[in-house]
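Text of the file query-v5.csv, holding CSV, C-alpha atoms:
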```csv
chain,number,residue,atom,x,y,z
A,22,MET,CA,-15.5,-26.1,-9.6
A,23,GLU,CA,-17.7,-23.5,-8.0
A,24,ARG,CA,-20.9,-21.8,-8.9
A,25,ASP,CA,-20.8,-20.9,-12.7
A,26,GLY,CA,-17.6,-22.9,-13.0
A,27,GLU,CA,-15.5,-20.0,-11.9
A,28,VAL,CA,-12.2,-20.6,-10.0
A,29,ILE,CA,-10.9,-17.8,-8.0
A,30,PHE,CA,-7.2,-17.2,-7.2
A,31,ILE,CA,-5.9,-14.8,-4.6
A,32,ASP,CA,-2.4,-13.4,-4.8
A,33,SER,CA,-0.2,-12.4,-1.9
A,34,SER,CA,-0.5,-8.6,-2.4
A,35,VAL,CA,-4.2,-8.9,-1.5
A,36,LEU,CA,-3.7,-11.3,1.3
A,37,ILE,CA,-1.0,-9.1,2.8
A,38,SER,CA,-3.3,-6.1,2.7
A,39,CYS,CA,-6.1,-8.2,4.4
A,40,GLY,CA,-3.7,-9.3,7.1
A,41,ARG,CA,-3.1,-5.8,8.4
A,42,ARG,CA,-4.5,-4.6,11.7
A,43,ASP,CA,-7.9,-5.9,12.8
A,44,GLY,CA,-9.7,-8.6,11.0
A,45,THR,CA,-12.3,-6.5,9.0
A,46,ARG,CA,-10.6,-7.1,5.7
A,47,PHE,CA,-10.4,-10.8,6.2
A,48,GLN,CA,-14.0,-10.9,7.2
A,49,ALA,CA,-14.9,-9.1,4.0
A,50,LEU,CA,-12.9,-11.7,2.1
A,51,ALA,CA,-14.8,-14.5,3.9
A,52,ARG,CA,-18.1,-12.8,3.0
A,53,GLU,CA,-17.1,-12.6,-0.6
A,54,ALA,CA,-16.2,-16.3,-0.6
A,55,ARG,CA,-19.6,-17.1,0.9
A,56,GLN,CA,-21.5,-15.0,-1.5
A,57,ARG,CA,-19.7,-16.4,-4.5
A,58,GLU,CA,-20.0,-19.9,-3.0
A,59,ALA,CA,-16.2,-20.1,-3.7
A,60,VAL,CA,-13.1,-21.6,-2.1
A,61,PHE,CA,-10.4,-19.1,-2.8
A,62,ARG,CA,-7.2,-20.8,-4.2
A,63,ILE,CA,-3.8,-19.7,-3.2
A,64,SER,CA,-0.5,-21.1,-4.5
A,65,PRO,CA,2.0,-22.7,-2.2
A,66,GLN,CA,4.4,-19.8,-2.9
A,67,VAL,CA,1.8,-17.2,-1.9
A,68,TYR,CA,1.1,-19.2,1.2
A,69,ALA,CA,4.7,-19.2,2.2
A,70,GLU,CA,5.0,-15.5,1.5
A,71,VAL,CA,2.2,-14.5,3.7
A,72,THR,CA,2.7,-16.9,6.6
A,73,GLY,CA,6.5,-17.0,6.4
A,74,ASP,CA,8.7,-14.7,8.4
A,75,PRO,CA,8.7,-14.9,12.2
A,76,ALA,CA,11.1,-12.0,12.3
A,77,LEU,CA,8.2,-9.9,11.2
A,78,ASP,CA,5.9,-10.6,14.1
A,79,ALA,CA,6.0,-6.9,14.6
A,80,TYR,CA,3.6,-6.6,11.8
A,81,SER,CA,1.1,-9.3,12.8
A,82,PRO,CA,1.7,-11.2,16.0
A,83,ASP,CA,-1.6,-13.2,15.9
A,84,GLN,CA,-2.2,-16.6,14.3
A,85,SER,CA,-2.3,-16.3,10.6
A,86,PRO,CA,-5.7,-15.5,9.3
A,87,VAL,CA,-4.9,-17.5,6.2
A,88,ASP,CA,-4.5,-20.6,8.4
A,89,GLU,CA,-7.9,-19.9,9.9
A,90,ALA,CA,-9.4,-19.4,6.5
A,91,VAL,CA,-8.1,-22.7,5.4
A,92,GLN,CA,-9.4,-24.4,8.5
A,93,GLU,CA,-12.8,-22.8,8.0
A,94,GLY,CA,-12.8,-24.2,4.5
A,95,TRP,CA,-13.1,-21.0,2.3
A,96,MET,CA,-9.5,-20.9,1.3
A,97,LYS,CA,-7.3,-23.7,-0.1
A,98,VAL,CA,-3.6,-24.0,-0.9
A,99,THR,CA,-3.2,-25.5,-4.3
A,100,GLU,CA,-0.4,-27.6,-5.8
A,101,SER,CA,2.3,-25.6,-7.6
A,102,PRO,CA,1.6,-25.2,-11.3
A,103,THR,CA,2.9,-28.0,-13.5
A,104,TYR,CA,6.2,-26.5,-14.7
A,105,SER,CA,6.7,-29.6,-17.0
A,106,ASP,CA,3.6,-28.7,-19.0
A,107,SER,CA,4.9,-26.6,-21.9
A,108,ASP,CA,1.9,-24.2,-22.2
A,109,VAL,CA,1.9,-23.6,-18.5
A,110,SER,CA,5.7,-23.1,-18.4
A,111,THR,CA,5.6,-20.8,-21.4
A,112,VAL,CA,2.8,-18.6,-20.1
A,113,MET,CA,4.8,-18.1,-16.9
A,114,ASP,CA,7.9,-17.1,-18.9
A,115,ARG,CA,5.8,-14.7,-20.9
A,116,ALA,CA,4.3,-13.2,-17.8
A,117,ARG,CA,7.7,-12.8,-16.4
A,118,ASN,CA,8.7,-10.9,-19.5
A,119,PHE,CA,5.5,-8.9,-19.4
A,120,ILE,CA,6.1,-7.8,-15.9
A,121,ALA,CA,9.7,-6.9,-16.5
A,122,ASN,CA,8.6,-4.7,-19.5
A,123,SER,CA,5.8,-3.1,-17.5
A,124,SER,CA,8.1,-2.1,-14.8
A,125,ASP,CA,10.9,-1.1,-17.0
A,126,ARG,CA,13.3,-3.5,-15.2
A,127,SER,CA,15.5,-6.3,-16.3
A,128,GLU,CA,14.0,-9.8,-16.1
A,129,ASP,CA,16.5,-10.6,-13.3
A,130,VAL,CA,14.3,-8.9,-10.8
A,131,VAL,CA,11.3,-10.9,-11.7
A,132,GLU,CA,11.2,-14.6,-10.8
A,133,LYS,CA,9.3,-17.3,-12.6
A,134,ALA,CA,7.7,-18.2,-9.3
A,135,ASP,CA,6.2,-14.7,-9.1
A,136,THR,CA,4.0,-15.7,-12.0
A,137,GLU,CA,2.6,-18.9,-10.6
A,138,ILE,CA,-0.9,-17.5,-10.4
A,139,VAL,CA,-0.8,-17.1,-14.2
A,140,GLY,CA,0.3,-20.7,-14.6
A,141,LEU,CA,-2.3,-22.0,-12.3
A,142,ALA,CA,-5.1,-20.0,-14.0
A,143,LEU,CA,-4.1,-21.3,-17.4
A,144,GLU,CA,-3.8,-24.9,-16.1
A,145,THR,CA,-7.3,-24.6,-14.6
A,146,LEU,CA,-8.7,-23.6,-18.0
A,147,LEU,CA,-6.8,-26.1,-20.0
A,148,ASP,CA,-7.7,-29.0,-17.7
A,149,GLY,CA,-11.3,-27.9,-17.7
A,150,ALA,CA,-11.2,-27.7,-13.9
A,151,GLY,CA,-12.9,-24.4,-14.4
A,152,ASP,CA,-14.8,-22.6,-17.2
A,153,ARG,CA,-13.7,-19.2,-15.9
A,154,VAL,CA,-10.9,-17.9,-13.8
A,155,LEU,CA,-10.8,-14.8,-11.6
A,156,VAL,CA,-7.4,-13.6,-10.5
A,157,VAL,CA,-7.3,-11.1,-7.6
A,158,THR,CA,-4.1,-9.2,-7.2
A,159,ASN,CA,-3.0,-5.6,-6.4
A,160,ASP,CA,0.2,-6.0,-8.4
A,161,ILE,CA,-1.0,-4.2,-11.5
A,162,PRO,CA,1.6,-5.7,-13.9
A,163,LEU,CA,0.7,-9.2,-12.8
A,164,GLY,CA,-3.0,-8.5,-13.3
A,165,GLU,CA,-2.4,-7.0,-16.7
A,166,ALA,CA,-0.3,-10.0,-17.6
A,167,VAL,CA,-3.2,-12.3,-16.8
A,168,GLU,CA,-5.7,-10.4,-19.0
A,169,SER,CA,-3.2,-9.9,-21.8
A,170,LEU,CA,-1.7,-13.4,-22.1
A,171,LEU,CA,-4.4,-16.0,-21.2
A,172,PRO,CA,-6.8,-15.3,-24.0
A,173,ASN,CA,-4.0,-16.3,-26.4
A,174,TYR,CA,-4.6,-19.9,-25.4
A,175,GLY,CA,-8.0,-20.1,-27.1
A,176,PHE,CA,-10.2,-18.6,-24.4
A,177,ASP,CA,-12.6,-15.7,-24.5
A,178,ASP,CA,-12.0,-12.5,-22.6
A,179,GLU,CA,-15.1,-13.2,-20.5
A,180,GLN,CA,-13.5,-16.4,-19.2
A,181,ILE,CA,-10.6,-14.4,-17.7
A,182,THR,CA,-11.0,-11.7,-15.2
A,183,TRP,CA,-8.5,-9.7,-13.1
A,184,LEU,CA,-9.7,-7.7,-10.1
A,185,THR,CA,-7.8,-5.8,-7.5
A,186,GLY,CA,-8.6,-6.4,-3.8
A,187,SER,CA,-10.8,-3.3,-3.6
A,188,GLU,CA,-12.7,-4.3,-6.7
A,189,LEU,CA,-13.4,-7.7,-5.0
A,190,ALA,CA,-14.5,-6.1,-1.8
A,191,ALA,CA,-14.7,-2.3,-1.0
A,192,GLU,CA,-13.5,-2.8,2.5
A,193,LEU,CA,-10.0,-3.7,1.2
A,194,ALA,CA,-9.4,-0.1,0.2
A,195,GLU,CA,-10.7,1.6,3.3
A,196,ASP,CA,-8.2,4.0,4.8
A,197,PHE,CA,-7.0,3.1,8.3
A,198,VAL,CA,-6.5,6.8,9.0
A,199,PRO,CA,-9.8,8.3,8.0
A,200,GLU,CA,-8.8,11.8,9.3
A,201,PHE,CA,-6.7,12.2,6.1
A,202,ASP,CA,-9.2,10.8,3.7
B,10,MET,CA,11.8,34.2,19.5
B,11,ALA,CA,11.5,36.3,16.4
B,12,THR,CA,8.7,35.2,14.1
B,13,ARG,CA,10.3,35.2,10.7
B,14,LYS,CA,7.9,34.5,8.0
B,15,ALA,CA,9.6,31.9,5.8
B,16,ASN,CA,9.7,31.9,2.1
B,17,TRP,CA,11.6,29.6,-0.1
B,18,ASP,CA,14.3,32.1,-0.7
B,19,THR,CA,15.6,31.2,2.8
B,20,PRO,CA,16.0,27.4,2.5
B,21,LEU,CA,18.4,27.0,5.4
B,22,ASP,CA,16.2,28.8,7.8
B,23,THR,CA,13.1,27.1,6.6
B,24,GLY,CA,15.0,23.8,6.4
B,25,GLY,CA,15.5,23.8,10.2
B,26,GLU,CA,11.7,23.8,10.6
B,27,VAL,CA,11.2,21.1,8.0
B,28,PHE,CA,13.5,18.8,9.9
B,29,ALA,CA,11.7,19.6,13.1
B,30,LEU,CA,8.5,18.6,11.3
B,31,LEU,CA,10.0,15.3,10.0
B,32,GLY,CA,11.2,14.4,13.4
B,33,ASN,CA,7.9,15.1,15.2
B,34,PRO,CA,5.0,13.0,14.2
B,35,ARG,CA,2.5,15.1,16.1
B,36,LYS,CA,3.6,18.2,14.3
B,37,ALA,CA,3.4,16.2,11.0
B,38,TRP,CA,-0.1,15.2,12.0
B,39,ILE,CA,-1.2,18.8,12.6
B,40,TYR,CA,0.3,20.0,9.3
B,41,THR,CA,-1.3,17.1,7.4
B,42,TYR,CA,-4.7,17.6,9.1
B,43,ILE,CA,-4.7,21.3,8.1
B,44,ASP,CA,-3.5,20.4,4.6
B,45,HIS,CA,-6.5,18.0,4.2
B,46,HIS,CA,-9.0,20.3,5.9
B,47,PRO,CA,-8.4,23.9,4.7
B,48,ALA,CA,-9.7,26.6,7.1
B,49,THR,CA,-9.6,24.3,10.1
B,50,THR,CA,-9.5,25.7,13.6
B,51,ILE,CA,-7.2,24.7,16.5
B,52,GLN,CA,-10.2,23.2,18.2
B,53,ASP,CA,-10.8,21.0,15.2
B,54,VAL,CA,-7.2,19.8,15.3
B,55,VAL,CA,-7.2,19.2,19.1
B,56,GLY,CA,-10.2,17.0,18.7
B,57,THR,CA,-8.3,14.5,16.5
B,58,LEU,CA,-5.2,14.3,18.7
B,59,ASP,CA,-4.5,13.4,22.3
B,60,LEU,CA,-2.5,16.5,22.9
B,61,PRO,CA,-3.0,19.4,25.3
B,62,GLN,CA,-4.4,22.4,23.6
B,63,ARG,CA,-1.5,24.6,24.5
B,64,THR,CA,0.8,22.1,22.7
B,65,VAL,CA,-1.3,22.3,19.6
B,66,TYR,CA,-1.2,26.1,19.8
B,67,GLU,CA,2.6,25.9,20.1
B,68,TYR,CA,3.0,23.6,17.2
B,69,VAL,CA,0.7,25.6,15.0
B,70,ASP,CA,2.7,28.7,15.9
B,71,ASP,CA,5.9,27.0,14.8
B,72,LEU,CA,4.3,25.9,11.5
B,73,GLU,CA,3.0,29.4,10.9
B,74,ALA,CA,6.4,30.9,11.6
B,75,ALA,CA,7.9,28.6,9.1
B,76,GLY,CA,5.3,29.5,6.5
B,77,PHE,CA,3.9,26.0,6.4
B,78,VAL,CA,0.5,27.1,7.5
B,79,GLU,CA,-1.2,30.5,7.6
B,80,GLN,CA,-4.3,31.9,9.1
B,81,SER,CA,-6.8,32.2,6.3
B,82,ASN,CA,-9.5,34.3,8.0
B,83,ASP,CA,-9.6,37.6,9.9
B,84,GLY,CA,-11.7,36.7,12.8
B,85,ARG,CA,-11.8,34.3,15.7
B,86,PRO,CA,-11.6,31.5,16.0
B,87,ALA,CA,-8.6,31.5,13.7
B,88,GLU,CA,-8.8,29.2,10.7
B,89,TYR,CA,-5.6,27.7,9.2
B,90,THR,CA,-4.7,26.6,5.7
B,91,ALA,CA,-1.6,24.8,4.7
B,92,HIS,CA,1.1,25.8,2.2
B,93,GLU,CA,2.9,23.3,0.0
B,94,ILE,CA,6.3,22.1,1.2
B,95,ASP,CA,8.8,21.2,-1.4
B,96,LEU,CA,12.4,20.8,-0.4
B,97,GLN,CA,15.1,18.6,-1.9
B,98,LEU,CA,17.9,17.2,0.0
B,99,VAL,CA,21.0,15.8,-1.7
B,100,ALA,CA,23.7,14.1,0.2
B,101,GLY,CA,26.3,12.2,-1.8
B,102,ASP,CA,24.4,10.0,-4.2
B,103,ALA,CA,21.2,10.1,-2.2
B,104,GLU,CA,18.4,12.5,-3.2
B,105,ARG,CA,15.3,13.0,-1.2
B,106,ARG,CA,12.3,15.2,-1.8
B,107,ILE,CA,10.4,16.5,1.2
B,108,THR,CA,6.8,16.9,0.3
B,109,PRO,CA,3.4,17.0,2.0
B,110,GLU,CA,3.1,13.3,1.1
B,111,LEU,CA,6.3,12.5,3.0
B,112,VAL,CA,5.0,14.5,6.0
B,113,GLU,CA,1.6,12.7,5.7
B,114,ALA,CA,3.4,9.3,5.7
B,115,ILE,CA,5.2,10.3,8.9
B,116,ALA,CA,2.0,11.6,10.5
B,117,ARG,CA,0.3,8.3,9.8
B,118,ARG,CA,2.6,6.5,12.2
B,119,MET,CA,0.4,8.1,14.9
B,120,ARG,CA,-2.4,5.8,13.9
B,121,ASP,CA,-1.0,3.1,11.7
B,122,ASP,CA,1.2,0.6,13.5
B,123,ASP,CA,2.6,-0.8,10.2
B,124,VAL,CA,4.0,2.6,9.2
B,125,ASP,CA,5.3,3.1,12.7
B,126,THR,CA,7.1,-0.3,12.6
B,127,TYR,CA,8.5,0.4,9.1
B,128,ILE,CA,10.0,3.7,10.2
B,129,ASP,CA,11.5,2.0,13.3
B,130,ARG,CA,13.1,-0.6,11.1
B,131,HIS,CA,14.1,1.5,8.1
B,132,GLY,CA,14.2,5.1,9.2
B,133,LEU,CA,12.8,8.2,7.4
B,134,ASP,CA,15.0,7.5,4.4
B,135,GLY,CA,13.5,4.0,4.2
B,136,LEU,CA,10.1,5.6,4.3
B,137,ALA,CA,10.9,8.1,1.6
B,138,VAL,CA,12.1,5.3,-0.7
B,139,ALA,CA,9.0,3.3,0.1
B,140,LEU,CA,6.9,6.3,-0.8
B,141,ASP,CA,8.6,6.4,-4.2
B,142,TYR,CA,7.7,2.8,-4.7
B,143,ALA,CA,4.2,3.4,-3.6
B,144,ARG,CA,3.8,5.9,-6.4
B,145,GLU,CA,5.1,3.5,-8.9
B,146,TYR,CA,2.9,0.8,-7.4
B,147,ALA,CA,-0.3,2.9,-7.8
B,148,GLU,CA,0.7,3.7,-11.4
B,149,GLY,CA,1.1,0.1,-12.2
B,150,SER,CA,4.8,0.0,-12.9
B,151,VAL,CA,6.1,-2.2,-10.0
B,152,THR,CA,5.0,-5.3,-8.1
B,153,HIS,CA,5.5,-5.8,-4.4
B,154,ARG,CA,8.0,-8.6,-5.1
B,155,ILE,CA,10.1,-6.4,-7.3
B,156,MET,CA,10.2,-3.8,-4.5
B,157,ALA,CA,11.2,-6.6,-2.0
B,158,ARG,CA,14.1,-7.7,-4.1
B,159,GLU,CA,15.4,-4.2,-4.9
B,160,GLN,CA,15.2,-3.1,-1.3
B,161,GLU,CA,16.1,-6.4,0.3
B,162,LEU,CA,12.9,-6.7,2.2
B,163,SER,CA,10.7,-9.7,2.5
B,164,PRO,CA,7.7,-9.6,0.1
B,165,LEU,CA,5.5,-9.4,3.2
B,166,GLU,CA,7.1,-6.2,4.5
B,167,ALA,CA,7.1,-4.7,1.0
B,168,GLY,CA,3.4,-5.6,0.5
B,169,VAL,CA,2.5,-4.1,3.9
B,170,ILE,CA,4.2,-0.8,3.4
B,171,LEU,CA,2.9,-0.4,-0.2
B,172,ASP,CA,-0.6,-1.0,1.2
B,173,ALA,CA,-0.1,1.4,4.1
B,174,LEU,CA,1.1,4.2,1.8
B,175,ARG,CA,-1.5,3.7,-0.9
B,176,PRO,CA,-3.9,6.3,0.5
B,177,VAL,CA,-1.0,8.8,0.7
B,178,VAL,CA,-0.2,8.6,-3.0
B,179,GLU,CA,-3.7,8.1,-4.3
B,180,ASP,CA,-5.2,11.4,-3.6
```

Could you express the structure from this file as structure tokens?
Amino acid sequence: MERDGEVIFIDSSVLISCGRRDGTRFQALAREARQREAVFRISPQVYAEVTGDPALDAYSPDQSPVDEAVQEGWMKVTESPTYSDSDVSTVMDRARNFIANSSDRSEDVVEKADTEIVGLALETLLDGAGDRVLVVTNDIPLGEAVESLLPNYGFDDEQITWLTGSELAAELAEDFVPEFD
Amino acid sequence: MATRKANWDTPLDTGGEVFALLGNPRKAWIYTYIDHHPATTIQDVVGTLDLPQRTVYEYVDDLEAAGFVEQSNDGRPAEYTAHEIDLQLVAGDAERRITPELVEAIARRMRDDDVDTYIDRHGLDGLAVALDYAREYAEGSVTHRIMAREQELSPLEAGVILDALRPVVED
């Protein structure tokens, strides 16, 4: 548990945006972790997503900044959520449904694993491993699912926060082509 | 070459210039720069690009002849302002809209390696489709993972291009 009992989860959409080009965004993320005295959590699926594909070295040939962050100690890969816990499993199903509805798609195109961050956030609150959770994602339907579903488990709105990457750190929204700003 | 002032009543003639624009990132850059900085001069544009001045003049002339930009003052130095481009291309089941946003996305490959890589891998059509997703993404009606599945990309690649195109759609 960190300062104020807040546990912070970062989703792949934000990490992917931070991994682009030079390291300024990752440095901003590191600064946020320092200022909040936090170790950002990422799920195993998110970790796999952002460090995975060697065929895509064209996008980022250097050593994964996520691995560096983990080495430096301000990021940590968690266990997967406990699928066998019925509350955790149910909230993930609900999140899956929520995302399908928000995007006006069939559920087939949303996998339960997409919603692990929601399961992990709930698990943290239920276990008392954190008093508050902050979920950072640029996938708006996922963020809205967090805010909409978690309070139903007996928590206050103040205990559950969703931020986009740029709401966490302004650098995450800076345009790489300022001439067109 | 005759300078025919284009208007949208002559889509075939104008269309030729549009395709030249799509295929030439430097021209796309010039159009987009003018679009974002109304009443800009050739000198201003040259300052942003590593192109000889005469090439910029030539490209601006082409854009002007096609009706995509026009001189917006009377004096010297000439100041240019952009006109909206809106063309629709239908081929079989595929439909594409050619808009200033698409032109901007192409222009960005001059500075953004991720956009450049994406176009190399998926072509201009791939980019146009990604732009549609980027709009949905900004509106909150799609996730990067959904895009990945629907377009058969890795989530990483989908996430990268959505992030790269965000400033194009969030104006």

Which residues are near range 155-158 of chain B? Cut-off 12 Å, only C-alpha atoms, ignore same chain within fewer than 2 positions. Put them as a tab-separated table (two decimals) with C-alpha atoms, in the coordinates of the input.
```
chain	number	residue	atom	x	y	z
A	34	SER	CA	-0.50	-8.60	-2.40
A	70	GLU	CA	5.00	-15.50	1.50
A	117	ARG	CA	7.70	-12.80	-16.40
A	120	ILE	CA	6.10	-7.80	-15.90
A	121	ALA	CA	9.70	-6.90	-16.50
A	123	SER	CA	5.80	-3.10	-17.50
A	124	SER	CA	8.10	-2.10	-14.80
A	125	ASP	CA	10.90	-1.10	-17.00
A	126	ARG	CA	13.30	-3.50	-15.20
A	127	SER	CA	15.50	-6.30	-16.30
A	128	GLU	CA	14.00	-9.80	-16.10
A	129	ASP	CA	16.50	-10.60	-13.30
A	130	VAL	CA	14.30	-8.90	-10.80
A	131	VAL	CA	11.30	-10.90	-11.70
A	132	GLU	CA	11.20	-14.60	-10.80
A	135	ASP	CA	6.20	-14.70	-9.10
A	160	ASP	CA	0.20	-6.00	-8.40
A	162	PRO	CA	1.60	-5.70	-13.90
A	163	LEU	CA	0.70	-9.20	-12.80
B	138	VAL	CA	12.10	5.30	-0.70
B	139	ALA	CA	9.00	3.30	0.10
B	140	LEU	CA	6.90	6.30	-0.80
B	141	ASP	CA	8.60	6.40	-4.20
B	142	TYR	CA	7.70	2.80	-4.70
B	143	ALA	CA	4.20	3.40	-3.60
B	144	ARG	CA	3.80	5.90	-6.40
B	145	GLU	CA	5.10	3.50	-8.90
B	146	TYR	CA	2.90	0.80	-7.40
B	150	SER	CA	4.80	0.00	-12.90
B	151	VAL	CA	6.10	-2.20	-10.00
B	152	THR	CA	5.00	-5.30	-8.10
B	153	HIS	CA	5.50	-5.80	-4.40
B	160	GLN	CA	15.20	-3.10	-1.30
B	161	GLU	CA	16.10	-6.40	0.30
B	162	LEU	CA	12.90	-6.70	2.20
B	163	SER	CA	10.70	-9.70	2.50
B	164	PRO	CA	7.70	-9.60	0.10
B	165	LEU	CA	5.50	-9.40	3.20
B	166	GLU	CA	7.10	-6.20	4.50
B	167	ALA	CA	7.10	-4.70	1.00
B	168	GLY	CA	3.40	-5.60	0.50
B	169	VAL	CA	2.50	-4.10	3.90
B	170	ILE	CA	4.20	-0.80	3.40
B	171	LEU	CA	2.90	-0.40	-0.20
```

How many Å lie between CA of Val54 in chain B and CA of Pro20 in chain B, rounded to one decimal? 27.6 Å

Around the point (-7.6, 19.5, 17.2), in the coordinates given by the file, pick out the residues reaching within 12 Å, counting only C-alpha atoms, and return them as a PyMOL selection string. (chain A and resi 200) or (chain B and resi 35-36+38-43+46+49-66+68-69+88-89)

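Neighbouring residues of range 143-152 of chain A at 8 Å or closer, counting only C-alpha atoms and skipping chain neighbours under 2 positions away, are Met22, Asp25, Gly26, Glu27, Val28, Pro102, Thr103, Val109, Val112, Val139, Gly140, Leu141, Val154, Leu171 and Gln180 of chain A.
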
Separation of CA of Phe47 in chain A from CA of Thr72 in chain A, in Å and rounded to one decimal: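 Interatomic distance here is 14.5 Å.
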
Considering only C-alpha atoms, return as a PyMOL selection string whatever protein or nucleic-acid residues lie within 10 Å of Ser85 in chain A, sequence-local ones (same chain, fewer than 5 positions apart) excluded. chain A and resi 40+71-73+90

Need the neighbours of (-10.1, 12.6, 3.9): which residues are at most 10 Å away, counting only C-alpha atoms, as a compact mmCIF listing (two decimals) with C-alpha atoms, keeping the file's coordinate frame?
```txt
# COMPACT_ATOMS: atom_id res chain seq x y z
CA ASP A 196 -8.20 4.00 4.80
CA VAL A 198 -6.50 6.80 9.00
CA PRO A 199 -9.80 8.30 8.00
CA GLU A 200 -8.80 11.80 9.30
CA PHE A 201 -6.70 12.20 6.10
CA ASP A 202 -9.20 10.80 3.70
CA TYR B 42 -4.70 17.60 9.10
CA HIS B 45 -6.50 18.00 4.20
CA HIS B 46 -9.00 20.30 5.90
CA PRO B 176 -3.90 6.30 0.50
CA ASP B 180 -5.20 11.40 -3.60
```

Report, in Å to a single decimal, how far apart CA of Arg55 in chain A and CA of Glu137 in chain A are. 25.1 Å
